[in-house]
Structure formats: C-alpha cells, structure tokens
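Visitor: First the structure, which I've put down as structure tokens, then a few questions once you've had a look.
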There are 2 protein chains.
Amino acid sequence: MRVAVFDAYGTLFDVGGALRAAAEAEPEAPWATDWAALARNWRQKQLEITWLRAVAGHHADFAQVTADALDWTLARAGLSDPDLRARLLDLYGRLPPYPEARAAVEAVAARGLPCAILTNATPAMVTGLLDASGLGPLFGEVLTVEEAGVFKPHPSVYALVTAHYGVAPDEVLFASANGWDAAGASGFGFQTAWINREGAPTDRLWAKPWRELSSLRGIAGLIG
Amino acid sequence: MRVAVFDAYGTLFDVGGALRAAAEAEPEAPWATDWAALARNWRQKQLEITWLRAVAGHHADFAQVTADALDWTLARAGLSDPDLRARLLDLYGRLPPYPEARAAVEAVAARGLPCAILTNATPAMVTGLLDASGLGPLFGEVLTVEEAGVFKPHPSVYALVTAHYGVAPDEVLFASANGWDAAGASGFGFQTAWINREGAPTDRLWAKPWRELSSLRGIAGLIG
C-alpha cells in the first residue's frame with residue numbers, strides 16, 4: 001500500500017454531531033428528544049440527493065445539497081424555522097471528529113503512508129471541519145468530488161486518488177463508514193476497510209469491502 | 001399531450017402490499033406488528049440500490065435488486081428466514097393496485113390518450129403485476145429500464161418514451177408517486193404529476209413537478 005485515504009462524513013466526523021449539539025444547547029426544544037431521528041433523516045435525505053443528482057447528471061455542490069436536505073427534513077417534521085436551520089448548518093460546518101480518529105490516522109502515518117481525505121464535501125466545507133477539529137495537519141491532501149463534478153460512488157471520484165498519487169487502485173487503503181462508499185471503492189479496486197460503526201449487515205451491492213472494523217481503531221494494523 | 005405514462009411501484013401498485021398481506025396471513029408472527037416499518041425499510045433499501053448501481057455503472061435487474069434489498073432488510077431486523085423471504089418475494093410479484101388506479105387510467109384513456117407504463121421493473125415483473133391485477137388491458141405499452149440498462153432517474157430511461165412514441169418530452173403526461181421520479185421526469189421535460197400520497201414536502205431536486213395530486217384520482221382532469 002502506498003497511500004491511505006479516508007472518507008470524511010461518518011468516518012472521521014460524526015454526522016450526528018450537529019443535531020446532538022443543538023439539542024444539548026436547547027434541551028427544552030420540542031424536537032430535542034427526537035434529535036437522533038432528525039439527524040438520521042437529514043443524513044439519509046442528503047445522501048439520496050447526492051445519488052439522484054449523480055444518476056441524472058444534475059450536479060450541485062454538497063453545501064447546496066446539505067441545505068436542501070435539511071430544508072426537506074425540517075419541513076417534513078413541521079420545524080421550518082430559519083434560526084434552527086442556520087444553527088444546524090453552522091454546527092454542520094464544525095462537526096466533531098470521532099474520538100479515535102486522530103490516533104488512528106496518526107498510527108497510519110507512523111507506518112509511513114501519506115494520508116488523504118476523499119469526500120463529497122466542497123473544499124470550503126472540509127477546510128472548516130479540519131480547522132475546527134485541528135485534524136488538518138494529519139492529511140497531506142484533500143480531494144473532493146468537486147474536481148470530478150459528480151458525487152460518490154461514481155468511479156471518476158475514486159480515480160481522483162489514483163491520478164493524484166500515480167498509484168494503482170490496489171495500492172490504496174481506503175476507509176469509509178458508509179457501506180455504499182466502501183462498495184464503490186472496492187469495485188474500483190481499492191483495498192477497502194468498511195468502518196461498520198452500527199453493526200449493520202453488509203450492503204448487497206456489486207463489491208464487498210476487503211476488511212471490516214467497528215471503528216477506525218485498528219486501521220493501521222491492516223497495512224501489510 | 002399525446003401519451004400518458006404511469007410509473008408502477010407506489011403509483012399504480014402498493015409497495016406495502018406484500019408485507020401487509022404476509023402480516024394478515026400470520027398475525028402472530030413476531031414481526032407482524034412491525035410490517036409497515038419493514039415494508040418502508042425494504043422499499044428504501046431497494047431504491048438506494050437502484051440509485052447506487054446507476055451512479056457506479058453496475059446495473060443488475062430489479063428482481064435481483066428487490067431480493068438483495070429484502071435480504072438486507074431481513075438481516076437488519078434479525079429475521080433472515082428463507083420461508084419468509086420466499087413468501088414476501090412471491091407477494092411482491094402480485095402487489096395490489098391502489099383502489100383508484102383502474103378508474104383513473106380508464107378516465108385518461110377515455111380522453112383519447114394511449115396509456116403506457118415506465119418502470120424500473122423487469123418485463124417479467126410487470127407482466128406478473130398486470131396479470132394478477134387484471135390491469136393489463138389498460139396499457140398499450142410497457143417500457144422498462146431493462147431497455148436502457150440503467151435505473152431511473154437516468155435520462156435515458158425517460159427517453160425510452162419519446163423514442164417509442166416519436167413525441168417531444170412536453171407531449172408526455174407522466175404520473176409518479178415517487179418525488180424523485182417526478183423530478184427526473186420533469187427535468188427531462190415531461191408534464192409531470194406527482195402523486196403525493198403521503199403529503200410529503202416537495203423534494204429539493206433539480207426540477208419541480210408540474211402538478212401535484214394526492215392520488216391518481218383527477219389525473220384525467222390534467223389533460224388540456
């Protein structure tokens with residue numbers, strides 16, 4: 001293996017963090033007890049929109065998609081409120097990393113592999129996450145779908161890695177907590193670790209992940 | 001308008017019908033009270049797989065996708081049981097039509113428009129639905145994604161209609177209960193009626209439906 005590539009949302013950064021923080025700040029809000037369901041619905045709708053736009057060839061960037069998904073989710077819940085919307089989008093821009101993320105990436109780097117991020121996000125969104133979390137210095141490169149003009153799991157997104165580093169697909173260690181992203185990366189030829197945080201069944205797609213872990217802990221141990 | 005085209009699953013046929021019928025036949029089964037949630041999860045996963053396969057360029061037919069989605073859903077619920085799986089797939093092959101479907105399509109035909117189906121299904125799946133429901137004689141044509149080799153909302157699927165009938169997109173009246181399908185069809189240029197059975201917010205995608213109805217009732221009234 002010659003490079004280690006990490007997905008961002010759900011893998012390094014906790015996508016539930018925005019609603020959790022909003023609920024902690026406003027525990028009496030009528031939606032606060034339902035924050036986890038709202039976070040799941042927002043995430044689900046956000047991913048749906050990325051896939052649908054990729055199928056239909058109507059790309060919009062991830063900032064737009066994230067706001068659109070939030071608008072739909074809040075409307076569905078009867079919570080259309082400009083202040084709440086603005087607060088959640090702001091929190092989404094500084095999602096917390098998972099507790100093990102820093103040490104796991106450091107351990108990979110200590111094995112001599114350059115580390116990169118490959119994400120659906122816009123460059124500005126990634127910069128915001130890395131600045132807020134302090135994880136920026138761990139990554140030598142941030143590759144975003146904006147360079148491909150289409151969302152994951154389109155193969156041209158995974159090809160950004162092989163083109164940038166001049167490596168073969170099977171020289172890439174790729175980590176994603178998103179089963180569909182792991183399938184896309186595996187189908188492209190990456191050595192893929194699916195970070196199965198929720199103990200979900202393996203996705204029935206066109207390729208299986210190479211390895212499965214319950215968190216990023218242990219990722220460095222996969223380097224042969 | 002020169003042709004009326006109907007989506008099948010969710011629009012003419014009730015995708016919840018398989019689990020509802022299975023629960024009615026076996027009301028003491030431990031999953032019977034949760035049948036609606038299982039049906040939603042199965043449908044959601046089925047659609048996800050279609051979108052992901054379309055994005056990644058790994059097509060498989062809808063029979064395969066439907067079985068894969070069921071396997072995932074049953075595994076997730078701790079219900080992996082070959083008998084239940086076989087029963088549900090059999091019931092899925094003869095989903096009930098919505099109560100208003102026949103009269104609504106007949107009313108469109110009475111306005112002089114040829115009626116067709118455009119569906120993600122395989123030809124064999126549609127034949128099964130039409131035979132079981134007796135709705136077959138209402139439709140002069142059944143167009144399936146198998147002719148395009150990719151799932152909705154890829155534009156080449158909607159183009160099957162314009163190519164087959166030799167019409168312009170805006171001469172097509174298209175009805176779908178799936179908001180994302182309505183967006184795909186609208187973006188292609190069809191006059192699209194979104195059958196919003198659940199009172200959901202409009203999808204935040206690249207195109208809005210032309211009209212919105214709460215069921216197929218009234219669809220003939222949209223013909224100018």
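So you can find residues: chains in the structure tokens are A, B, ... in the order shown, residues in each start at 1, and ligands are numbered from 1 in order.
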Within 8 Å of stretch 96-99 of chain A, counting only C-alpha atoms, which residues qualify if same-chain residues fewer than 2 places away don't, as a VMD selection string?

Guide: chain A and resid 11 to 14 17 94 101 to 102 133

Visitor: Starting from chain A, keep only residues with some atom at most 8 Å from an atom of chain B, counting only C-alpha atoms, and report them as a PyMOL selection string.

Guide: chain A and resi 48-49+51-58+68-69+72+75-76+152-155+180+184+200-206

Visitor: I need the chosen residues saved as an mmCIF file, in the first residue's frame, with C-alpha atoms.

Guide:
```
data_model
loop_
_atom_site.group_PDB
_atom_site.id
_atom_site.type_symbol
_atom_site.label_atom_id
_atom_site.label_comp_id
_atom_site.auth_asym_id
_atom_site.auth_seq_id
_atom_site.Cartn_x
_atom_site.Cartn_y
_atom_site.Cartn_z
ATOM 1 C CA GLU A 48 -30.335 10.417 -1.533
ATOM 2 C CA ILE A 49 -29.945 13.804 -3.181
ATOM 3 C CA TRP A 51 -27.124 9.800 -5.570
ATOM 4 C CA LEU A 52 -30.090 11.153 -7.516
ATOM 5 C CA ARG A 53 -28.124 14.138 -8.823
ATOM 6 C CA ALA A 54 -25.308 11.813 -9.854
ATOM 7 C CA VAL A 55 -27.708 9.470 -11.699
ATOM 8 C CA ALA A 56 -29.492 12.265 -13.503
ATOM 9 C CA GLY A 57 -26.373 14.295 -14.296
ATOM 10 C CA HIS A 58 -27.534 17.365 -12.366
ATOM 11 C CA ASP A 68 -31.681 21.268 0.646
ATOM 12 C CA ALA A 69 -31.769 18.045 2.653
ATOM 13 C CA TRP A 72 -36.791 18.929 3.437
ATOM 14 C CA ALA A 75 -40.415 20.703 6.566
ATOM 15 C CA ARG A 76 -41.287 17.034 6.986
ATOM 16 C CA LYS A 152 -19.622 9.170 -4.915
ATOM 17 C CA PRO A 153 -19.840 6.324 -5.790
ATOM 18 C CA HIS A 154 -19.138 7.425 -9.371
ATOM 19 C CA PRO A 155 -15.839 5.793 -10.372
ATOM 20 C CA TRP A 180 -22.128 2.056 -0.196
ATOM 21 C CA GLY A 184 -17.876 1.808 -4.653
ATOM 22 C CA ALA A 200 -25.182 -3.186 10.086
ATOM 23 C CA PRO A 201 -25.437 -6.078 7.627
ATOM 24 C CA THR A 202 -23.074 -5.812 4.661
ATOM 25 C CA ASP A 203 -24.621 -3.883 1.801
ATOM 26 C CA ARG A 204 -25.825 -6.080 -1.065
ATOM 27 C CA LEU A 205 -24.036 -4.213 -3.838
ATOM 28 C CA TRP A 206 -21.567 -5.090 -6.589
#
```

Visitor: Write out as a ChimeraX atom specification each polymer residue whose atoms come within 7 Å of B:Val142, counting only C-alpha atoms; drop sequence neighbours fewer than 5 positions from it.

Guide: /B:116-118

Visitor: Now that the selection is made, can you save its residues with N, CA and C atoms as an mmCIF file, in the first residue's frame?

Guide:
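Dumped to part20.cif:
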```cif
data_model
loop_
_atom_site.group_PDB
_atom_site.id
_atom_site.type_symbol
_atom_site.label_atom_id
_atom_site.label_comp_id
_atom_site.auth_asym_id
_atom_site.auth_seq_id
_atom_site.Cartn_x
_atom_site.Cartn_y
_atom_site.Cartn_z
ATOM 1 N N ALA B 116 -49.314 4.073 -21.088
ATOM 2 C CA ALA B 116 -48.153 3.187 -21.003
ATOM 3 C C ALA B 116 -47.635 3.159 -19.576
ATOM 4 N N ILE B 117 -46.822 2.157 -19.296
ATOM 5 C CA ILE B 117 -46.099 2.065 -18.018
ATOM 6 C C ILE B 117 -44.612 2.263 -18.309
ATOM 7 N N LEU B 118 -43.958 3.009 -17.432
ATOM 8 C CA LEU B 118 -42.490 3.152 -17.497
ATOM 9 C C LEU B 118 -41.950 2.812 -16.118
#
```

Visitor: Any idea what the distance is between atom CA of B:Val3 and atom CA of B:Gly16?

Guide: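 These two atoms are separated by 28.3 Å.
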
Visitor: List every residue of stretch 19-222 of chain B that DSSP, applied to the backbone, labels as alpha helix (DSSP H), and write the result as a PyMOL selection string.

Guide: chain B and resi 19-25+35-56+62-76+82-92+101-110+123-133+155-165+179-188

Visitor: Just asking: which residues within chain A are strand (DSSP E) according to DSSP, as a list in words?

Guide: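 Secondary structure check on chain A, strand (DSSP E): Val3, Ala4, Val5, Phe6, Cys115, Ala116, Ile117, Leu118, Thr119, Glu141, Val142, Leu143, Thr144, Val172, Leu173, Phe174, Ala175, Ser176, Gln191, Thr192, Ala193, Trp194, Ile195, Arg211, Glu212 and Leu213 of chain A.
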